[in-house]
Each structure stands twice: as structure tokens, then as C-alpha cells.
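Enquirer: Contents of input.cif (mmCIF, C-alpha atoms) are given next:
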data_structure
loop_
_atom_site.label_atom_id
_atom_site.label_comp_id
_atom_site.auth_asym_id
_atom_site.auth_seq_id
_atom_site.Cartn_x
_atom_site.Cartn_y
_atom_site.Cartn_z
CA PRO A 1 -11.09 142.73 -91.93
CA GLY A 2 -14.20 141.32 -90.28
CA GLY A 3 -14.76 138.02 -88.52
CA GLY A 4 -12.02 135.89 -87.02
CA GLU A 5 -9.23 137.51 -89.02
CA GLY A 6 -10.08 140.95 -87.64
CA ASP A 7 -10.32 139.54 -84.10
CA ASN A 8 -6.83 138.10 -84.37
CA ILE A 9 -5.32 141.35 -85.64
CA VAL A 10 -6.86 143.38 -82.79
CA LYS A 11 -5.80 140.86 -80.13
CA THR A 12 -2.26 140.60 -81.50
CA ARG A 13 -1.73 144.35 -81.73
CA LEU A 14 -3.06 144.92 -78.22
CA ALA A 15 -0.92 142.11 -76.81
CA THR A 16 2.24 143.45 -78.47
CA GLY A 17 1.58 147.11 -77.65
CA GLU A 18 1.30 148.06 -81.33
CA MET A 19 -2.36 149.11 -81.44
CA THR A 20 -3.40 152.43 -83.00
CA ASP A 21 -4.31 155.28 -80.62
CA VAL A 22 -8.03 154.89 -81.31
CA PHE A 23 -9.64 151.72 -82.62
CA ARG A 24 -13.09 150.31 -83.34
CA TYR A 25 -14.18 146.86 -82.18
CA ASN A 26 -17.25 144.94 -81.02
CA ALA A 27 -18.97 145.53 -77.70
CA GLY A 28 -20.29 142.66 -75.57
CA SER A 29 -18.71 139.22 -75.31
CA LEU A 30 -15.92 139.86 -77.84
CA PHE A 31 -14.91 143.01 -75.95
CA GLN A 32 -14.64 140.95 -72.76
CA ALA A 33 -11.94 138.82 -74.40
CA LEU A 34 -9.65 141.85 -74.92
CA ASN A 35 -8.59 142.25 -71.27
CA ALA A 36 -9.46 145.95 -71.29
CA PRO A 37 -7.95 146.87 -67.87
CA GLN A 38 -4.51 145.93 -69.24
CA THR A 39 -4.89 147.12 -72.83
CA MET A 40 -7.19 150.20 -72.93
CA LEU A 41 -7.63 153.61 -71.37
CA ASP A 42 -10.35 153.83 -68.71
CA LEU A 43 -13.03 156.25 -69.95
CA THR A 44 -15.42 155.96 -67.00
CA ASP A 45 -14.90 159.46 -65.64
CA GLU A 46 -14.74 161.35 -68.94
CA PRO A 47 -17.40 164.11 -69.26
CA PHE A 48 -18.67 162.68 -72.57
CA GLN A 49 -20.05 159.61 -70.77
CA ALA A 50 -23.00 161.84 -69.81
CA ASN A 51 -24.01 161.86 -73.51
CA ILE A 52 -24.28 158.08 -73.79
CA ILE A 53 -27.55 156.23 -73.16
CA ASP A 54 -27.17 154.02 -70.10
CA SER A 55 -28.29 150.80 -71.79
CA PHE A 56 -25.05 150.80 -73.82
CA LYS A 57 -22.60 151.13 -70.93
CA PRO A 58 -22.72 147.54 -69.60
CA VAL A 59 -21.54 146.14 -72.94
CA VAL A 60 -18.25 148.11 -72.73
CA THR A 61 -17.78 147.63 -68.98
CA ALA A 62 -14.95 145.26 -68.05
CA THR A 63 -14.67 142.88 -65.10
CA ASP A 64 -13.21 145.74 -63.00
CA GLY A 65 -16.51 147.65 -63.34
CA ARG A 66 -14.94 150.41 -65.45
CA ILE A 67 -16.16 151.70 -68.84
CA TYR A 68 -13.78 151.57 -71.81
CA GLY A 69 -15.73 152.51 -74.95
CA VAL A 70 -18.30 154.75 -76.63
CA PRO A 71 -20.85 153.72 -79.31
CA GLU A 72 -19.51 154.31 -82.80
CA GLU A 73 -22.62 153.60 -84.88
CA ALA A 74 -26.36 153.05 -84.61
CA ALA A 75 -28.00 150.12 -82.85
CA MET A 76 -28.66 147.32 -85.31
CA GLY A 77 -31.27 144.70 -85.92
CA GLY A 78 -30.36 141.23 -87.09
CA GLY A 79 -32.90 139.95 -89.59
CA ILE A 80 -33.72 139.87 -93.29
CA LEU A 81 -33.17 142.65 -95.80
CA TYR A 82 -35.63 142.12 -98.64
CA ASN A 83 -36.32 143.54 -102.08
CA LYS A 84 -39.66 145.36 -102.03
CA LYS A 85 -40.02 145.32 -105.83
CA ILE A 86 -39.89 141.51 -105.90
CA TYR A 87 -42.46 141.36 -103.09
CA ALA A 88 -44.77 143.73 -104.97
CA GLU A 89 -44.32 141.90 -108.27
CA LEU A 90 -45.20 138.52 -106.72
CA GLY A 91 -47.89 139.83 -104.32
CA LEU A 92 -46.01 138.72 -101.20
CA SER A 93 -46.47 140.07 -97.66
CA VAL A 94 -43.88 140.30 -94.88
CA PRO A 95 -43.79 136.92 -93.09
CA LYS A 96 -44.46 136.66 -89.36
CA THR A 97 -43.62 132.92 -89.12
CA TRP A 98 -40.86 130.74 -90.54
CA ALA A 99 -43.47 128.73 -92.50
CA GLU A 100 -44.68 131.95 -94.17
CA PHE A 101 -41.07 132.90 -94.97
CA MET A 102 -40.41 129.53 -96.60
CA ALA A 103 -43.67 129.80 -98.55
CA ASN A 104 -42.54 133.19 -99.86
CA ASN A 105 -39.19 131.65 -100.83
CA GLU A 106 -40.96 128.90 -102.78
CA LYS A 107 -42.96 131.46 -104.79
CA ILE A 108 -39.80 133.47 -105.49
CA LYS A 109 -37.93 130.35 -106.64
CA ALA A 110 -40.90 129.36 -108.84
CA ALA A 111 -40.66 132.78 -110.50
CA GLY A 112 -37.06 131.99 -111.47
CA LYS A 113 -35.43 134.30 -108.94
CA THR A 114 -32.89 133.81 -106.14
CA ALA A 115 -34.90 133.56 -102.92
CA VAL A 116 -32.13 133.77 -100.29
CA ILE A 117 -28.75 135.43 -100.78
CA GLN A 118 -25.79 134.02 -98.85
CA THR A 119 -22.23 135.37 -98.99
CA PHE A 120 -20.01 132.75 -97.38
CA GLY A 121 -16.88 134.21 -99.02
CA ASP A 122 -17.10 136.57 -96.01
CA THR A 123 -17.59 133.89 -93.38
CA TRP A 124 -18.94 136.24 -90.69
CA THR A 125 -22.08 136.81 -92.78
CA SER A 126 -23.08 133.15 -92.35
CA GLN A 127 -24.12 133.56 -88.70
CA LEU A 128 -27.37 135.54 -89.03
CA PHE A 129 -29.85 132.66 -88.99
CA VAL A 130 -28.36 131.52 -85.65
CA LEU A 131 -27.53 134.84 -83.98
CA GLY A 132 -30.50 136.77 -85.37
CA ASP A 133 -32.89 134.08 -84.11
CA PHE A 134 -32.21 134.84 -80.44
CA PHE A 135 -35.42 136.84 -79.92
CA ASN A 136 -37.26 133.62 -80.76
CA VAL A 137 -35.04 131.57 -78.43
CA GLN A 138 -35.68 133.95 -75.54
CA ALA A 139 -39.42 134.03 -76.27
CA ALA A 140 -39.54 130.24 -75.97
CA VAL A 141 -36.97 129.84 -73.15
CA PRO A 142 -36.75 133.13 -71.17
CA THR A 143 -33.90 131.83 -68.95
CA PHE A 144 -31.73 130.57 -71.82
CA ALA A 145 -29.02 133.27 -71.60
CA ALA A 146 -28.47 132.76 -67.86
CA ASP A 147 -28.66 128.96 -68.15
CA TYR A 148 -26.25 129.00 -71.10
CA THR A 149 -23.73 131.10 -69.18
CA ALA A 150 -24.05 128.70 -66.25
CA GLY A 151 -23.47 125.75 -68.57
CA THR A 152 -26.86 124.15 -67.86
CA ALA A 153 -28.41 124.93 -71.28
CA LYS A 154 -26.80 124.02 -74.60
CA TYR A 155 -27.68 124.65 -78.23
CA ALA A 156 -27.83 120.95 -79.08
CA THR A 157 -30.26 120.13 -76.25
CA THR A 158 -32.52 123.21 -76.51
CA PRO A 159 -34.87 122.87 -79.52
CA ALA A 160 -35.54 126.63 -79.71
CA ALA A 161 -31.79 127.32 -79.88
CA MET A 162 -31.12 124.51 -82.36
CA ALA A 163 -33.75 126.09 -84.65
CA GLY A 164 -31.31 128.75 -85.87
CA PHE A 165 -28.97 126.09 -87.24
CA GLN A 166 -31.96 124.29 -88.74
CA LYS A 167 -33.01 127.44 -90.61
CA GLY A 168 -29.64 127.56 -92.37
CA GLU A 169 -30.04 123.91 -93.33
CA ASP A 170 -33.64 124.45 -94.51
CA VAL A 171 -32.87 127.18 -97.04
CA PHE A 172 -29.92 125.24 -98.47
CA LYS A 173 -31.86 121.98 -98.82
CA ALA A 174 -34.76 123.76 -100.53
CA GLY A 175 -32.43 125.13 -103.21
CA TYR A 176 -33.16 128.78 -102.43
CA LEU A 177 -29.58 130.13 -102.50
CA ASN A 178 -27.66 132.08 -105.14
CA GLU A 179 -25.37 129.83 -107.20
CA ASP A 180 -22.21 131.56 -105.96
CA PHE A 181 -23.16 131.51 -102.26
CA GLY A 182 -19.84 129.85 -101.32
CA SER A 183 -17.65 132.57 -102.82
CA ALA A 184 -19.89 135.67 -102.84
CA LEU A 185 -18.85 138.51 -100.54
CA PHE A 186 -20.80 140.94 -98.37
CA ALA A 187 -20.45 143.58 -101.11
CA ASP A 188 -22.14 141.15 -103.52
CA GLY A 189 -24.95 140.54 -101.04
CA ILE A 190 -25.88 144.20 -100.68
CA ARG A 191 -25.72 144.64 -104.46
CA MET A 192 -27.98 141.65 -105.06
CA VAL A 193 -30.68 142.64 -102.57
CA ALA A 194 -30.56 146.30 -103.65
CA THR A 195 -30.81 145.63 -107.39
CA GLY A 196 -33.27 142.73 -107.15
CA GLU A 197 -30.80 139.98 -108.13
CA GLY A 198 -32.09 138.25 -105.00
CA ALA A 199 -35.08 138.66 -102.71
CA HIS A 200 -33.79 138.08 -99.14
CA TYR A 201 -30.41 138.71 -97.48
CA PRO A 202 -30.01 137.66 -93.81
CA MET A 203 -27.97 140.54 -92.42
CA LEU A 204 -27.48 143.22 -89.77
CA THR A 205 -29.08 146.57 -90.55
CA PHE A 206 -25.74 148.39 -90.64
CA ALA A 207 -25.67 147.12 -94.25
CA ILE A 208 -28.23 149.81 -95.09
CA GLY A 209 -25.34 152.27 -94.95
CA GLY A 210 -23.48 150.32 -97.63
CA ILE A 211 -26.57 150.34 -99.86
CA ALA A 212 -26.95 154.09 -99.29
CA GLN A 213 -23.34 154.65 -100.38
CA ASP A 214 -23.11 152.26 -103.33
CA TYR A 215 -26.70 151.95 -104.64
CA PRO A 216 -28.50 155.12 -103.51
CA GLU A 217 -31.04 154.89 -106.32
CA ASN A 218 -32.08 151.43 -105.06
CA LEU A 219 -32.30 152.36 -101.37
CA PRO A 220 -36.13 152.79 -101.42
CA ASP A 221 -36.44 149.24 -102.81
CA VAL A 222 -34.93 147.54 -99.73
CA GLY A 223 -37.02 146.72 -96.66
CA PHE A 224 -36.32 144.81 -93.46
CA PHE A 225 -38.05 142.32 -91.17
CA ALA A 226 -37.05 140.26 -88.14
CA ILE A 227 -36.20 136.57 -88.54
CA PRO A 228 -39.55 134.85 -88.04
CA GLY A 229 -40.14 132.17 -85.43
CA ASP A 230 -42.98 129.68 -85.09
CA ASP A 231 -45.58 131.99 -83.51
CA ALA A 232 -46.84 135.09 -85.36
CA ALA A 233 -48.01 136.56 -82.03
CA LYS A 234 -44.42 136.51 -80.73
CA ASN A 235 -42.68 138.11 -83.69
CA GLY A 236 -39.82 140.37 -82.59
CA LEU A 237 -36.30 141.57 -83.32
CA THR A 238 -32.85 140.54 -82.10
CA VAL A 239 -30.86 143.74 -81.47
CA TRP A 240 -27.12 144.32 -81.63
CA MET A 241 -25.53 147.07 -79.62
CA PRO A 242 -23.24 149.25 -81.74
CA ALA A 243 -19.57 148.57 -82.16
CA ALA A 244 -17.51 150.81 -79.90
CA THR A 245 -14.50 153.07 -80.15
CA TYR A 246 -11.70 152.48 -77.64
CA ILE A 247 -8.34 154.08 -76.85
CA SER A 248 -5.23 151.93 -76.59
CA LYS A 249 -3.37 152.14 -73.29
CA THR A 250 -0.12 152.51 -75.24
CA THR A 251 -1.21 155.74 -76.96
CA GLU A 252 1.30 158.56 -76.83
CA HIS A 253 -1.50 161.09 -77.38
CA PRO A 254 -4.18 160.37 -74.77
CA GLU A 255 -5.67 163.88 -74.68
CA GLU A 256 -6.02 164.11 -78.48
CA ALA A 257 -7.49 160.59 -78.56
CA LYS A 258 -10.05 161.53 -75.90
CA LYS A 259 -11.05 164.63 -77.88
CA PHE A 260 -11.71 162.48 -80.93
CA VAL A 261 -13.71 159.94 -78.93
CA ALA A 262 -15.67 162.80 -77.34
CA PHE A 263 -16.57 164.01 -80.85
CA ILE A 264 -17.82 160.53 -81.79
CA ALA A 265 -19.98 160.54 -78.64
CA SER A 266 -21.67 163.84 -79.53
CA THR A 267 -24.56 164.99 -81.70
CA LYS A 268 -21.99 166.40 -84.15
CA GLY A 269 -20.47 162.95 -84.40
CA CYS A 270 -23.88 161.41 -85.15
CA ASP A 271 -24.57 164.07 -87.77
CA ALA A 272 -21.20 163.45 -89.44
CA ARG A 273 -21.90 159.74 -89.57
CA SER A 274 -25.45 160.15 -90.90
CA SER A 275 -24.34 162.59 -93.60
CA ALA A 276 -21.68 160.17 -94.84
CA ASN A 277 -23.40 156.82 -94.35
CA GLY A 278 -27.10 157.59 -94.06
CA ALA A 279 -29.29 156.77 -91.07
CA THR A 280 -29.10 153.03 -90.37
CA GLY A 281 -30.95 152.86 -87.02
CA PRO A 282 -31.36 154.53 -83.63
CA TYR A 283 -28.27 156.09 -82.07
CA LEU A 284 -27.39 155.49 -78.41
CA ILE A 285 -26.13 159.04 -77.91
CA LYS A 286 -28.49 161.55 -76.30
CA GLY A 287 -29.94 164.17 -78.63
CA CYS A 288 -29.07 162.23 -81.81
CA ASP A 289 -32.37 162.28 -83.66
CA LEU A 290 -32.84 160.52 -86.96
CA PRO A 291 -33.77 162.60 -90.01
CA ALA A 292 -37.39 162.44 -91.14
CA ASP A 293 -36.49 160.92 -94.52
CA VAL A 294 -34.90 157.70 -93.25
CA PRO A 295 -34.44 154.82 -95.73
CA ALA A 296 -37.32 152.36 -96.06
CA ALA A 297 -35.44 149.59 -94.24
CA VAL A 298 -34.77 151.90 -91.27
CA ALA A 299 -38.44 152.87 -91.19
CA ASP A 300 -39.22 149.12 -91.03
CA LEU A 301 -36.72 148.72 -88.16
CA LEU A 302 -37.94 151.52 -85.89
CA PRO A 303 -41.38 150.10 -84.90
CA TYR A 304 -39.66 147.19 -83.14
CA PHE A 305 -37.89 149.72 -80.90
CA GLN A 306 -41.02 151.79 -80.31
CA GLN A 307 -43.10 149.09 -78.60
CA ASP A 308 -42.13 147.26 -75.42
CA GLY A 309 -41.41 143.58 -75.76
CA LEU A 310 -40.57 143.54 -79.47
CA THR A 311 -36.78 143.54 -79.07
CA ALA A 312 -34.25 141.35 -77.27
CA PRO A 313 -30.47 141.87 -77.14
CA ALA A 314 -28.41 139.34 -79.08
CA LEU A 315 -27.02 136.59 -76.86
CA GLU A 316 -23.50 138.05 -76.99
CA PHE A 317 -24.77 141.04 -74.95
CA LEU A 318 -26.40 138.85 -72.29
CA SER A 319 -23.66 136.26 -71.94
CA PRO A 320 -19.86 136.61 -72.07
CA ILE A 321 -19.61 133.38 -74.10
CA LYS A 322 -19.39 133.32 -77.89
CA GLY A 323 -17.37 130.56 -79.48
CA PRO A 324 -14.83 131.69 -82.09
CA ALA A 325 -15.66 128.91 -84.60
CA LEU A 326 -19.35 129.76 -85.08
CA GLU A 327 -18.85 131.40 -88.47
CA GLN A 328 -17.05 128.32 -89.83
CA ILE A 329 -19.75 126.01 -88.43
CA THR A 330 -22.60 128.05 -89.91
CA VAL A 331 -20.86 128.06 -93.30
CA GLU A 332 -20.82 124.25 -93.14
CA VAL A 333 -24.52 124.07 -92.23
CA GLY A 334 -25.55 126.63 -94.83
CA SER A 335 -23.52 124.79 -97.50
CA GLY A 336 -25.04 121.38 -96.78
CA ILE A 337 -21.75 119.99 -95.42
CA ARG A 338 -22.91 119.41 -91.84
CA PRO A 339 -26.45 118.76 -90.51
CA ALA A 340 -27.93 121.23 -88.02
CA ALA A 341 -27.99 118.85 -85.03
CA GLU A 342 -24.33 117.94 -85.47
CA ALA A 343 -23.39 121.59 -85.94
CA ALA A 344 -25.16 122.65 -82.73
CA ALA A 345 -23.27 119.95 -80.77
CA LEU A 346 -19.99 121.04 -82.36
CA TYR A 347 -20.67 124.66 -81.42
CA ASP A 348 -21.38 123.61 -77.82
CA GLU A 349 -17.88 122.08 -77.75
CA ASP A 350 -16.39 125.28 -79.22
CA VAL A 351 -18.19 127.36 -76.60
CA LYS A 352 -17.03 125.06 -73.80
CA LYS A 353 -13.39 125.94 -74.49
CA GLN A 354 -14.12 129.64 -74.31
CA ALA A 355 -16.21 129.28 -71.14
CA GLN A 356 -13.32 127.48 -69.46
CA GLN A 357 -10.91 130.22 -70.54
CA LEU A 358 -13.24 132.72 -68.86
CA GLY A 359 -13.13 130.66 -65.67
CA LEU A 360 -16.74 129.49 -65.91
CA ASN A 361 -17.61 126.06 -64.57
CA TRP A 362 -18.72 124.49 -67.84
CA GLN A 363 -18.77 120.70 -68.15
#
Rewrite the structure from the file as C-alpha cells, please.
Expert:
Amino acid sequence: PGGGEGDNIVKTRLATGEMTDVFRYNAGSLFQALNAPQTMLDLTDEPFQANIIDSFKPVVTATDGRIYGVPEEAAMGGGILYNKKIYAELGLSVPKTWAEFMANNEKIKAAGKTAVIQTFGDTWTSQLFVLGDFFNVQAAVPTFAADYTAGTAKYATTPAAMAGFQKGEDVFKAGYLNEDFGSALFADGIRMVATGEGAHYPMLTFAIGGIAQDYPENLPDVGFFAIPGDDAAKNGLTVWMPAATYISKTTEHPEEAKKFVAFIASTKGCDARSSANGATGPYLIKGCDLPADVPAAVADLLPYFQQDGLTAPALEFLSPIKGPALEQITVEVGSGIRPAAEAAALYDEDVKKQAQQLGLNWQ
């Protein structure tokens, strides 16, 4: 399972020595919470590390300076999947500012359609307006990640950071959501945006693979754009490093496990993934080129990567701190239960506990 439930299963199995030989989990701040030196095999000196693009390695490097994982999928953007047929029908253009996005939503609602799809039955999907907004936070406050790690910047006291919570509140208050937003699941979200049951789905681009598998005939109808900020001249994309594959330290088959991980970190591994799941974004393994006929949403994603300054890593790859309760807090904001300002302050308290567990001097 995803979200907090999946986190707990991984942590419990590692702590009790019952983890599978090879397992897949997040890179970045969530990886740092797994105590890799005690629970995973060190992969630093394996020959397959030469295949992996250097920008990925820090997000699977533990506090001992050793590397423990390899990228298992493509790099992802966090933004908005949108239905191109609805945009064409209503004469809409891709928004570069939040005001333009909300204006598009109003026209979609006026046409009797669902403007924004939310799927809070899978709580992890509720976080995109906050986490996917980080490019805009960094554009406004370039030192935010370092200041946040140091405990001198907080969500509740940084207007650019608070804006992500506000966006979730905005779309709820305007009545733009699908009626079943509280119970709908991720699988419903990709169906709705693919088939035109809804116009916008805030999501990571790995979801393109699910659309390719389940709704291949609708794949050309789905596009993608970054979550807009306030300034059209500073419109860019928040990027997630891929999830990684790791080997449990308790494996009884280390050589076989390493062979499998080496396959994942090869061009053959990329090709196997693309043939099964489609191309969902750029791979971080050398020599893994994308096919020419990539889905429309991937074609929309690539220009952000091809020009300097149009991407920023998500905060969880720049700071070791990510509070475990964020997905519950963003469900509350997106459901109209808790106002954005209160939610940001509550998340700062959630983050404070984690920072203290990591030994950071947060007050």
C-alpha cells in the first residue's frame, strides 16, 4: 500500500528482520528514516553504480556516506494532469498562473463538468497542491529548504509556502471537486482524467503509466502542466526523484539480489519497464533513451527538463524533514474541515517532532 500504511509495513519488516530480499521504497527524506546502515546492503562499490546518473545518488546515500539504492522508475513531475479534449472543447489554454488556472476551472464548472478531481480515499494523493508547489516556493524564497532544515523557516510563517495549503482550500471552496472526492481512489482519478469525467487531476506523472495500462485509447487525451504560481515568467516544475530498489541486509541470497538490482539499473531494465508501463518520464540510468512516440503528457513534461531553471527538486530531496501527518492534514484542508493557515501551523508541529527525532535543533 501507499502512504503511511506502506511506510509502517516497510519500517516494521526491516526492524524485525522480515523484509523481502529486494524491496522498493522512496528515495530522499523517507529513505533517511529507514536507518539504512543497519537494515540494507551497501551498494556503493557495485559495478552497476557506473550506470546511474550522479544526480540520483545523494537521495539514496545514508548518513554514513554510502549508497544503498538504484532508481526503479523514471523521474517524475508533480503537477496537473489534464484532459485535452475538455480544453479543446471549451477553448482553454494551459495556465501559467494560479489565477489563470482558477479561471479555467470556473469555465469548466460553468459547462457542467468536474473541474478538479481529488481522490482522498487514497490519502497520499491529497498532498500534490502542497508538495508540487515547491518550485514556486523556491522561486520566491531561494533559501527556504536550508532555512526549513535549520528550523528558521516554517510553512505557517512563509507566505509562499503557505500558498500550497491555500490552493487546496481554494478549489474546495469554489466547488470545483468531484462529488465523491472523499472516497474516490487513485484508480478512479486516472479513469476520470483519462475519459473526460473530470478536467484536472493534481498528481505525479508516474500515473501516466497507469493510464497507458488501463485506458490506452485515452492516453493521447491526457496532457500535463506544472502547478502554476503567481508569476507567469517564473513558471516551472517540481521534480521527484524516482523511487529506489534496495536489498535487505537480512537477505539469504545477496548475490542473486544484486544481479536483479543490476538488471533494474541497466538499459535492459529500462526497456522492460517501458514496454510494460509505457514511458512516463526521463530515466536516471545512462543510455536509457525514451521512445520517439512518448505519450502526450510525457511530451508536455520533457521541455521542463530541457531548459535550465525550469525544474526544482521537491523539498523532500533537499531536506531530510517530511512530517508523517501531511497527507491527513491536506485531506482536511481539501475537504473544507481545516483552514489553510491552521493546517500549515499544524504541519509545522508535525515536522518539529520528526526534526527532533533526526537530532536537528528545531524549536
Enquirer: Pick from A:Ala150, A:Leu128, A:Leu302, A:Leu43: nearest to Leu358 of chain A, with only C-alpha atoms counted?
Expert: A:Ala150
Enquirer: Which residues come within 12 Å of Lys11 of chain A, counting all atoms listed in the file, excluding same-chain residues fewer than 2 positions away, as a list in words?
Expert: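 Listing them by chain and then by number gives Gly4, Glu5, Gly6, Asp7, Asn8, Ile9, Arg13, Leu14, Ala15, Thr16, Gly17, Glu18, Met19, Phe23, Tyr25, Leu30, Phe31, Gln32, Ala33, Leu34, Asn35, Ala36, Thr39, Met40 and Ser248 of chain A.
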Enquirer: Applying 12 Å and only C-alpha atoms, which residues near Ser275 of chain A remain after dropping the ones on its own chain fewer than 5 positions away? List them as a ChimeraX atom specification.
Expert: /A:209,212-213,268-270,280,290-291,294
Enquirer: Would you mind listing what lies within 12 Å of Leu185 of chain A as a PyMOL selection string, with all atoms listed in the file counted and same-chain residues fewer than 6 positions away left out?
Expert: chain A and resi 2+117-126+178+191-192+201
Enquirer: Just the selected residues (C-alpha atoms), exported as a short mmCIF file (atom, residue, chain, number, x, y, z; two decimals), in the coordinates of the input, please.
Expert:
data_model
loop_
_atom_site.label_atom_id
_atom_site.label_comp_id
_atom_site.auth_asym_id
_atom_site.auth_seq_id
_atom_site.Cartn_x
_atom_site.Cartn_y
_atom_site.Cartn_z
CA GLY A 2 -14.20 141.32 -90.28
CA ILE A 117 -28.75 135.43 -100.78
CA GLN A 118 -25.79 134.02 -98.85
CA THR A 119 -22.23 135.37 -98.99
CA PHE A 120 -20.01 132.75 -97.38
CA GLY A 121 -16.88 134.21 -99.02
CA ASP A 122 -17.10 136.57 -96.01
CA THR A 123 -17.59 133.89 -93.38
CA TRP A 124 -18.94 136.24 -90.69
CA THR A 125 -22.08 136.81 -92.78
CA SER A 126 -23.08 133.15 -92.35
CA ASN A 178 -27.66 132.08 -105.14
CA ARG A 191 -25.72 144.64 -104.46
CA MET A 192 -27.98 141.65 -105.06
CA TYR A 201 -30.41 138.71 -97.48
#
Enquirer: Can you pull out the residues contacting Thr44 of chain A? Cut-off 12 Å, using only C-alpha atoms, and skip same-chain residues under 3 positions away; I want them as a ChimeraX atom specification.
Expert: /A:37,40-41,47-50,52,57-58,60-62,64-70,246,258
Enquirer: Dump C-alpha atoms for the selected residues as a PDB file, in the coordinates of the input?
Expert:
ATOM      1  CA  PRO A  37      -7.950 146.870 -67.870  1.00  0.00           C
ATOM      2  CA  MET A  40      -7.190 150.200 -72.930  1.00  0.00           C
ATOM      3  CA  LEU A  41      -7.630 153.610 -71.370  1.00  0.00           C
ATOM      4  CA  PRO A  47     -17.400 164.110 -69.260  1.00  0.00           C
ATOM      5  CA  PHE A  48     -18.670 162.680 -72.570  1.00  0.00           C
ATOM      6  CA  GLN A  49     -20.050 159.610 -70.770  1.00  0.00           C
ATOM      7  CA  ALA A  50     -23.000 161.840 -69.810  1.00  0.00           C
ATOM      8  CA  ILE A  52     -24.280 158.080 -73.790  1.00  0.00           C
ATOM      9  CA  LYS A  57     -22.600 151.130 -70.930  1.00  0.00           C
ATOM     10  CA  PRO A  58     -22.720 147.540 -69.600  1.00  0.00           C
ATOM     11  CA  VAL A  60     -18.250 148.110 -72.730  1.00  0.00           C
ATOM     12  CA  THR A  61     -17.780 147.630 -68.980  1.00  0.00           C
ATOM     13  CA  ALA A  62     -14.950 145.260 -68.050  1.00  0.00           C
ATOM     14  CA  ASP A  64     -13.210 145.740 -63.000  1.00  0.00           C
ATOM     15  CA  GLY A  65     -16.510 147.650 -63.340  1.00  0.00           C
ATOM     16  CA  ARG A  66     -14.940 150.410 -65.450  1.00  0.00           C
ATOM     17  CA  ILE A  67     -16.160 151.700 -68.840  1.00  0.00           C
ATOM     18  CA  TYR A  68     -13.780 151.570 -71.810  1.00  0.00           C
ATOM     19  CA  GLY A  69     -15.730 152.510 -74.950  1.00  0.00           C
ATOM     20  CA  VAL A  70     -18.300 154.750 -76.630  1.00  0.00           C
ATOM     21  CA  TYR A 246     -11.700 152.480 -77.640  1.00  0.00           C
ATOM     22  CA  LYS A 258     -10.050 161.530 -75.900  1.00  0.00           C
TER      23      LYS A 258
END
Enquirer: List the spatial neighbours of Pro202 of chain A as a list in words - criterion: any atom at most 7 Å away, all atoms listed in the file, same-chain residues fewer than 3 positions off excluded.
Expert: Gly79, Ile80, Leu81, Leu128 and Phe129 of chain A
Enquirer: Output C-alpha atoms of each residue in that selection to a file, as a compact mmCIF listing (two decimals), in the coordinates of the input.
Expert:
# COMPACT_ATOMS: atom_id res chain seq x y z
CA GLY A 79 -32.90 139.95 -89.59
CA ILE A 80 -33.72 139.87 -93.29
CA LEU A 81 -33.17 142.65 -95.80
CA LEU A 128 -27.37 135.54 -89.03
CA PHE A 129 -29.85 132.66 -88.99
Enquirer: Which is closest to Ile53 of chain A among A:Phe135, A:Ala74, A:Gly28, A:Ala340, if we use only C-alpha atoms?
Expert: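 Under the stated criterion, the closest residue is A:Ala74.
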Enquirer: Please measure the separation of atom CA of Ser319 of chain A and atom CA of Phe206 of chain A, giving the value in Å to one decimal.
Expert: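 Computing it gives 22.4 Å between the two atoms.
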Enquirer: With all atoms listed in the file as the basis for distance, which of A:Ala187, A:Ala174, A:Ala296, A:Ala314 is at the shortest distance from Val116 of chain A?
Expert: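 Of all the options, A:Ala174 lies closest to Val116 of chain A.
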Enquirer: Using all atoms listed in the file, find the one residue out of A:Gln127, A:Thr250, A:Asn218, A:Gln357 that sits nearest to Ile329 of chain A.
Expert: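 So, comparing all the options, the nearest one is A:Gln127.
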Enquirer: Could you tell me how far atom CA of Pro159 of chain A sits from atom CA of Asn26 of chain A, in Å to one decimal place?
Expert: 28.3 Å
Enquirer: Which of these residues is nearest to Thr149 of chain A, using all atoms listed in the file: A:Leu177, A:Cys288, A:Leu318, A:Ala207?
Expert: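 Checking each candidate against Thr149 of chain A, we get A:Leu318 as the closest.
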Enquirer: Of the residues A:Val171, A:Ile321, A:Ile247, A:Ala163, which is the one nearest to Asp42 of chain A, using all atoms listed in the file?
Expert: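 So, comparing all the options, the nearest one is A:Ile247.
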Enquirer: For this file, the PyMOL selection byres ((chain A and resi 350) around 10) selects which residues, as a list in words?
Expert: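 What the PyMOL selection byres ((chain A and resi 350) around 10) grabs from the file is Lys322, Gly323, Pro324, Ala325, Leu326, Ile329, Ala344, Ala345, Leu346, Tyr347, Asp348, Glu349, Val351, Lys352, Lys353, Gln354 and Ala355 of chain A.
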Enquirer: Between atom CA of Pro216 of chain A and atom CA of Val130 of chain A, what is the spacing in Å?
Expert: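 Computing the Euclidean distance for atom CA of Val130 of chain A and atom CA of Pro216 of chain A yields 29.6 Å.
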Enquirer: The PyMOL selection byres ((chain A and resi 305-312) around 10) - which residues does that actually catch in the file I just gave you? List them as a list in words.
Expert: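 Here the PyMOL selection byres ((chain A and resi 305-312) around 10) matches Gly77, Phe134, Phe135, Asn136, Val137, Gln138, Ala139, Ala226, Lys234, Asn235, Gly236, Leu237, Thr238, Val239, Trp240, Gly281, Pro282, Leu301, Leu302, Pro303, Tyr304, Pro313, Ala314, Leu315, Phe317 and Leu318 of chain A.
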